[in-house]
>>> print(open('my_file.tsv').read())   # TSV, C-alpha atoms
chain	number	residue	atom	x	y	z
A	1	MET	CA	141.53	86.76	135.45
A	2	SER	CA	143.84	86.64	132.46
A	3	LYS	CA	142.34	85.09	129.33
A	4	LYS	CA	143.75	83.66	126.12
A	5	ILE	CA	142.32	85.71	123.28
A	6	VAL	CA	142.60	84.83	119.60
A	7	VAL	CA	141.98	87.68	117.18
A	8	ILE	CA	141.31	86.75	113.55
A	9	THR	CA	141.25	89.62	111.09
A	10	GLY	CA	139.71	89.65	107.64
A	11	SER	CA	141.00	92.78	105.95
A	12	PRO	CA	143.82	93.00	103.40
A	13	ARG	CA	144.38	96.70	104.28
A	14	LYS	CA	146.99	96.79	107.03
A	15	ASN	CA	146.31	100.47	107.69
A	16	GLY	CA	142.57	100.18	107.23
A	17	ASN	CA	139.72	101.04	109.52
A	18	SER	CA	139.06	97.55	110.88
A	19	PHE	CA	142.80	97.12	111.58
A	20	ALA	CA	142.78	100.37	113.58
A	21	MET	CA	139.98	99.01	115.75
A	22	THR	CA	141.76	95.66	116.00
A	23	ASP	CA	144.94	97.36	117.17
A	24	ALA	CA	142.99	99.37	119.78
A	25	PHE	CA	141.33	96.19	121.03
A	26	ILE	CA	144.62	94.27	121.27
A	27	LYS	CA	146.43	97.12	123.03
A	28	ALA	CA	143.67	97.37	125.65
A	29	ALA	CA	143.40	93.58	126.09
A	30	GLU	CA	147.15	93.20	126.62
A	31	ALA	CA	147.17	96.16	129.03
A	32	LYS	CA	144.53	94.30	131.03
A	33	GLY	CA	146.87	91.27	131.25
A	34	HIS	CA	145.27	89.05	128.61
A	35	THR	CA	147.39	87.01	126.21
A	36	VAL	CA	146.49	87.88	122.61
A	37	THR	CA	147.37	85.86	119.53
A	38	ARG	CA	146.55	87.51	116.22
A	39	PHE	CA	146.05	85.90	112.83
A	40	ASP	CA	145.65	88.12	109.78
A	41	ALA	CA	143.64	85.80	107.53
A	42	ALA	CA	144.20	87.94	104.43
A	43	PHE	CA	147.90	87.13	104.61
A	44	LYS	CA	147.44	83.42	105.30
A	45	LYS	CA	146.52	80.51	103.07
A	46	ALA	CA	143.26	79.08	104.41
A	47	ASP	CA	140.88	77.87	101.76
A	48	GLY	CA	137.24	77.12	102.41
A	49	CYS	CA	136.02	73.83	103.84
A	50	ARG	CA	135.84	70.96	101.34
A	51	ALA	CA	133.33	69.01	103.45
A	52	CYS	CA	135.43	65.84	103.29
A	53	GLU	CA	134.71	65.22	106.99
A	54	THR	CA	138.17	63.75	107.61
A	55	CYS	CA	138.86	66.44	110.22
A	56	PHE	CA	141.57	65.55	112.76
A	57	SER	CA	142.13	62.15	111.10
A	58	THR	CA	145.77	63.09	110.50
A	59	GLY	CA	146.25	64.69	113.91
A	60	LYS	CA	145.69	68.16	112.46
A	61	ALA	CA	142.40	70.00	112.25
A	62	CYS	CA	142.28	69.66	108.48
A	63	THR	CA	143.71	67.00	106.18
A	64	PHE	CA	144.32	69.75	103.62
A	65	ASP	CA	147.42	71.22	105.22
A	66	ASP	CA	147.50	74.98	105.01
A	67	ASP	CA	147.66	77.88	107.48
A	68	PHE	CA	144.36	76.93	109.09
A	69	ASN	CA	146.25	74.17	110.86
A	70	THR	CA	148.32	76.84	112.64
A	71	ILE	CA	145.18	78.78	113.59
A	72	ALA	CA	143.11	75.80	114.81
A	73	PRO	CA	145.24	74.94	117.88
A	74	ALA	CA	145.03	78.56	119.04
A	75	ILE	CA	141.24	78.50	118.67
A	76	LEU	CA	141.06	75.26	120.65
A	77	GLU	CA	143.11	76.80	123.49
A	78	ALA	CA	141.39	80.20	123.44
A	79	ASP	CA	139.00	81.51	126.04
A	80	VAL	CA	137.86	84.27	123.67
A	81	ILE	CA	137.75	84.46	119.87
A	82	VAL	CA	137.44	87.89	118.28
A	83	PHE	CA	136.62	88.26	114.60
A	84	THR	CA	137.46	91.62	113.03
A	85	MET	CA	136.64	92.58	109.46
A	86	PRO	CA	135.13	95.17	107.18
A	87	VAL	CA	131.89	94.37	105.36
A	88	TYR	CA	132.60	93.30	101.78
A	89	TRP	CA	129.65	93.48	99.43
A	90	TYR	CA	127.19	93.12	102.33
A	91	SER	CA	128.87	90.02	103.71
A	92	ILE	CA	131.94	88.43	105.29
A	93	PRO	CA	135.14	89.02	103.29
A	94	ALA	CA	136.55	85.98	101.49
A	95	GLN	CA	139.87	86.59	103.24
A	96	ILE	CA	138.42	85.41	106.58
A	97	LYS	CA	135.54	83.20	105.40
A	98	GLY	CA	137.74	80.12	104.85
A	99	VAL	CA	138.93	80.28	108.46
A	100	ILE	CA	135.38	80.70	109.74
A	101	ASP	CA	134.07	77.82	107.63
A	102	ARG	CA	136.82	75.50	108.76
A	103	ILE	CA	135.94	75.92	112.41
A	104	PHE	CA	133.49	73.21	111.34
A	105	SER	CA	136.45	70.81	111.58
A	106	MET	CA	136.31	71.11	115.35
A	107	VAL	CA	132.67	70.04	115.36
A	108	VAL	CA	133.28	67.08	113.02
A	109	GLY	CA	136.47	66.22	114.94
A	110	GLY	CA	134.51	66.02	118.19
A	111	LYS	CA	136.43	68.81	119.91
A	112	ASP	CA	134.77	70.43	122.89
A	113	ILE	CA	134.76	74.11	122.00
A	114	ALA	CA	131.67	75.08	123.99
A	115	GLY	CA	131.91	77.73	126.67
A	116	LYS	CA	134.21	80.13	124.83
A	117	GLU	CA	133.45	83.80	124.41
A	118	CYS	CA	133.18	85.39	120.99
A	119	ALA	CA	133.23	89.00	119.85
A	120	LEU	CA	132.89	90.87	116.58
A	121	ILE	CA	134.48	94.10	115.41
A	122	THR	CA	133.28	95.29	112.01
A	123	CYS	CA	132.75	98.41	109.94
A	124	CYS	CA	131.16	99.37	106.65
A	125	GLU	CA	131.04	102.22	104.17
A	126	GLU	CA	127.33	102.95	104.38
A	127	ASP	CA	125.56	104.70	107.25
A	128	ASP	CA	122.81	102.06	107.43
A	129	MET	CA	123.51	99.76	110.41
A	130	SER	CA	121.65	96.89	108.72
A	131	VAL	CA	124.45	96.69	106.14
A	132	MET	CA	126.49	94.90	108.82
A	133	ASP	CA	123.85	92.17	109.23
A	134	GLY	CA	125.63	90.07	106.60
A	135	VAL	CA	128.60	89.83	108.97
A	136	ARG	CA	126.87	90.12	112.34
A	137	ILE	CA	124.20	87.46	111.89
A	138	PRO	CA	126.51	84.63	110.69
A	139	ILE	CA	128.94	85.31	113.55
A	140	GLU	CA	126.12	85.35	116.09
A	141	ARG	CA	124.66	82.11	114.66
A	142	MET	CA	128.07	80.40	114.66
A	143	ALA	CA	128.55	81.44	118.27
A	144	ALA	CA	125.13	80.09	119.23
A	145	PHE	CA	125.75	76.79	117.42
A	146	ASN	CA	129.12	76.34	119.13
A	147	LYS	CA	127.66	77.38	122.51
A	148	TRP	CA	129.88	80.45	122.68
A	149	LYS	CA	128.79	83.50	124.63
A	150	MET	CA	128.75	86.72	122.61
A	151	ALA	CA	131.02	88.98	124.65
A	152	GLY	CA	130.20	92.02	122.54
A	153	GLU	CA	130.09	93.65	119.16
A	154	VAL	CA	131.57	96.82	117.76
A	155	LEU	CA	129.58	97.84	114.67
A	156	ILE	CA	130.77	101.05	113.01
A	157	PRO	CA	129.03	102.44	109.91
A	158	GLY	CA	130.13	105.24	107.61
A	159	VAL	CA	133.82	104.44	107.11
A	160	LEU	CA	135.50	103.71	103.79
A	161	ASN	CA	138.71	105.63	103.30
A	162	LEU	CA	141.84	105.09	105.33
A	163	GLY	CA	141.57	107.07	108.53
A	164	ASP	CA	137.80	107.47	108.44
A	165	ILE	CA	137.63	105.42	111.65
A	166	ASP	CA	139.31	108.33	113.46
A	167	LYS	CA	136.13	110.37	112.90
A	168	THR	CA	134.08	107.78	114.83
A	169	GLU	CA	133.97	106.11	118.24
A	170	GLY	CA	135.24	102.85	116.66
A	171	CYS	CA	138.61	102.61	118.38
A	172	LYS	CA	137.14	103.71	121.70
A	173	LYS	CA	134.40	101.07	121.42
A	174	ALA	CA	137.02	98.41	120.56
A	175	THR	CA	138.99	99.47	123.66
A	176	ASP	CA	135.81	99.32	125.74
A	177	LEU	CA	135.11	95.82	124.41
A	178	ALA	CA	138.58	94.64	125.46
A	179	ASN	CA	138.09	96.16	128.90
A	180	ALA	CA	134.75	94.35	129.26
A	181	ILE	CA	136.27	90.91	128.57
>>> encode(input="my_file.tsv", output="structure tokens")
Amino acid sequence: MSKKIVVITGSPRKNGNSFAMTDAFIKAAEAKGHTVTRFDAAFKKADGCRACETCFSTGKACTFDDDFNTIAPAILEADVIVFTMPVYWYSIPAQIKGVIDRIFSMVVGGKDIAGKECALITCCEEDDMSVMDGVRIPIERMAAFNKWKMAGEVLIPGVLNLGDIDKTEGCKKATDLANAI
């Protein structure tokens, strides 16, 4: 069954390690017949949530009109949402955090977003797998809160420099994740 997949990236390095895994995931997902829409959050304007709770009062997800309002409709229509990012200072990069925080607008706006699948693709410089907890745990908790099923996670340690991902199973695991969806 073909699914609508939204991929939201959080890296500003277009040739970086998380982008390589993202590209592998998308290529495999499209080859399987899924429709993939990609948003590179680092190249969009999507500030953090201002907690005004006026979500959808203007017909758009957020009354503060920026690029999140182009991402929100895709999230609402998606069967699967995939977040891809490197770990920045033991946490979620600011480039994607505004998009993640503003998914709150769908809750406040009373949108039924339960039943979606969610996946995570992330990497970090250090070899310690727990370094990715600062990304993994918030994504897992958000998925649980929204009643999304975690479809899978690709967690790759030990990559920093461009091309380091090629020395790992990262792209293969991203391809495997796409094939499992």
>>> residues_around(input="my_file.tsv", residues="Phe25 in chain A", least_positions_apart="2", cutoff="7 Å", atoms="only C-alpha atoms", output="VMD selection string")
chain A and resid 21 to 23 27 to 29 174 to 175 178
>>> atom_distance(input="my_file.tsv", atom1="CA of Glu77 in chain A", atom2="CA of Ser105 in chain A")
14.9 Å
>>> closest_atom_pairs(input="my_file.tsv", of="range 110-164 of chain A", to="range 14-20 of chain A", cutoff="10 Å", atoms="all atoms listed in the file", output="tab-separated table")
residue	atom	partner	partner_atom	distance
A:Ile121	CA	A:Ser18	CA	7.3
A:Thr122	CA	A:Ser18	CA	6.3
A:Cys123	CA	A:Ser18	CA	6.4
A:Cys124	CA	A:Ser18	CA	9.1
A:Ile156	CA	A:Ser18	CA	9.2
A:Val159	CA	A:Asn17	CA	7.2
A:Leu160	CA	A:Asn17	CA	7.6
A:Asn161	CA	A:Gly16	CA	7.7
A:Leu162	CA	A:Gly16	CA	5.3
A:Gly163	CA	A:Asn17	CA	6.4
A:Asp164	CA	A:Asn17	CA	6.8
>>> closest_residue(input="my_file.tsv", among="A:Lys45, A:Lys4, A:Arg38, A:Lys32", to="Glu117 in chain A", atoms="only C-alpha atoms")
A:Lys4
>>> closest_residue(input="my_file.tsv", among="A:Lys3, A:Asp133, A:Pro86, A:Ala143", to="Ile165 in chain A", atoms="all atoms listed in the file")
A:Pro86
>>> closest_residue(input="my_file.tsv", among="A:Phe83, A:Ile181, A:Arg136, A:Thr54", to="His34 in chain A", atoms="all atoms listed in the file")
A:Ile181
>>> atom_distance(input="my_file.tsv", atom1="CA of Val135 in chain A", atom2="CA of Tyr90 in chain A")
7.5 Å
>>> atom_distance(input="my_file.tsv", atom1="CA of Ala74 in chain A", atom2="CA of Cys171 in chain A")
24.9 Å
>>> residues_around(input="my_file.tsv", residues="Lys147 in chain A", least_positions_apart="2", cutoff="7 Å", atoms="all atoms listed in the file", output="MDAnalysis selection string")
chainID A and resid 114:115 143:145 149
>>> residues_around(input="my_file.tsv", residues="Lys116 in chain A", least_positions_apart="2", cutoff="10 Å", atoms="all atoms listed in the file", output="list of chain:residue names")
A:Ile5, A:Ile75, A:Leu76, A:Glu77, A:Ala78, A:Asp79, A:Val80, A:Ile81, A:Asp112, A:Ile113, A:Ala114, A:Cys118, A:Ala143, A:Asn146, A:Lys147, A:Trp148, A:Lys149, A:Met150, A:Ala151
>>> residues_near_point(input="my_file.tsv", point="(139.6, 94.4, 104.5)", cutoff="8 Å", atoms="only C-alpha atoms", output="list in words")
Gly10, Ser11, Pro12, Arg13, Gly16, Ser18, Ala42, Met85, Pro86, Val87, Tyr88, Pro93 and Gln95 of chain A
>>> closest_residue(input="my_file.tsv", among="A:Val6, A:Cys55, A:Ala24, A:Val82", to="Lys111 in chain A", atoms="only C-alpha atoms")
A:Cys55
>>> residues_around(input="my_file.tsv", residues="Lys60 in chain A", least_positions_apart="5", cutoff="10 Å", atoms="all atoms listed in the file", output="short mmCIF file (atom, residue, chain, number, x, y, z; two decimals) with C-alpha atoms, in the frame of the given file")
data_model
loop_
_atom_site.label_atom_id
_atom_site.label_comp_id
_atom_site.auth_asym_id
_atom_site.auth_seq_id
_atom_site.Cartn_x
_atom_site.Cartn_y
_atom_site.Cartn_z
CA THR A 54 138.17 63.75 107.61
CA CYS A 55 138.86 66.44 110.22
CA ASP A 65 147.42 71.22 105.22
CA PHE A 68 144.36 76.93 109.09
CA ASN A 69 146.25 74.17 110.86
CA THR A 70 148.32 76.84 112.64
CA ALA A 72 143.11 75.80 114.81
CA PRO A 73 145.24 74.94 117.88
CA SER A 105 136.45 70.81 111.58
CA GLY A 109 136.47 66.22 114.94
#
>>> closest_residue(input="my_file.tsv", among="A:Asp47, A:Asp127, A:Glu140, A:Asp176", to="Ala94 in chain A", atoms="all atoms listed in the file")
A:Asp47
>>> closest_residue(input="my_file.tsv", among="A:Met1, A:Trp89, A:Gly152, A:Glu53", to="Gly33 in chain A", atoms="only C-alpha atoms")
A:Met1
>>> residues_near_point(input="my_file.tsv", point="(143.8, 81.4, 106.1)", cutoff="6 Å", atoms="only C-alpha atoms", output="MDAnalysis selection string")
chainID A and resid 41 44:46 67:68 99
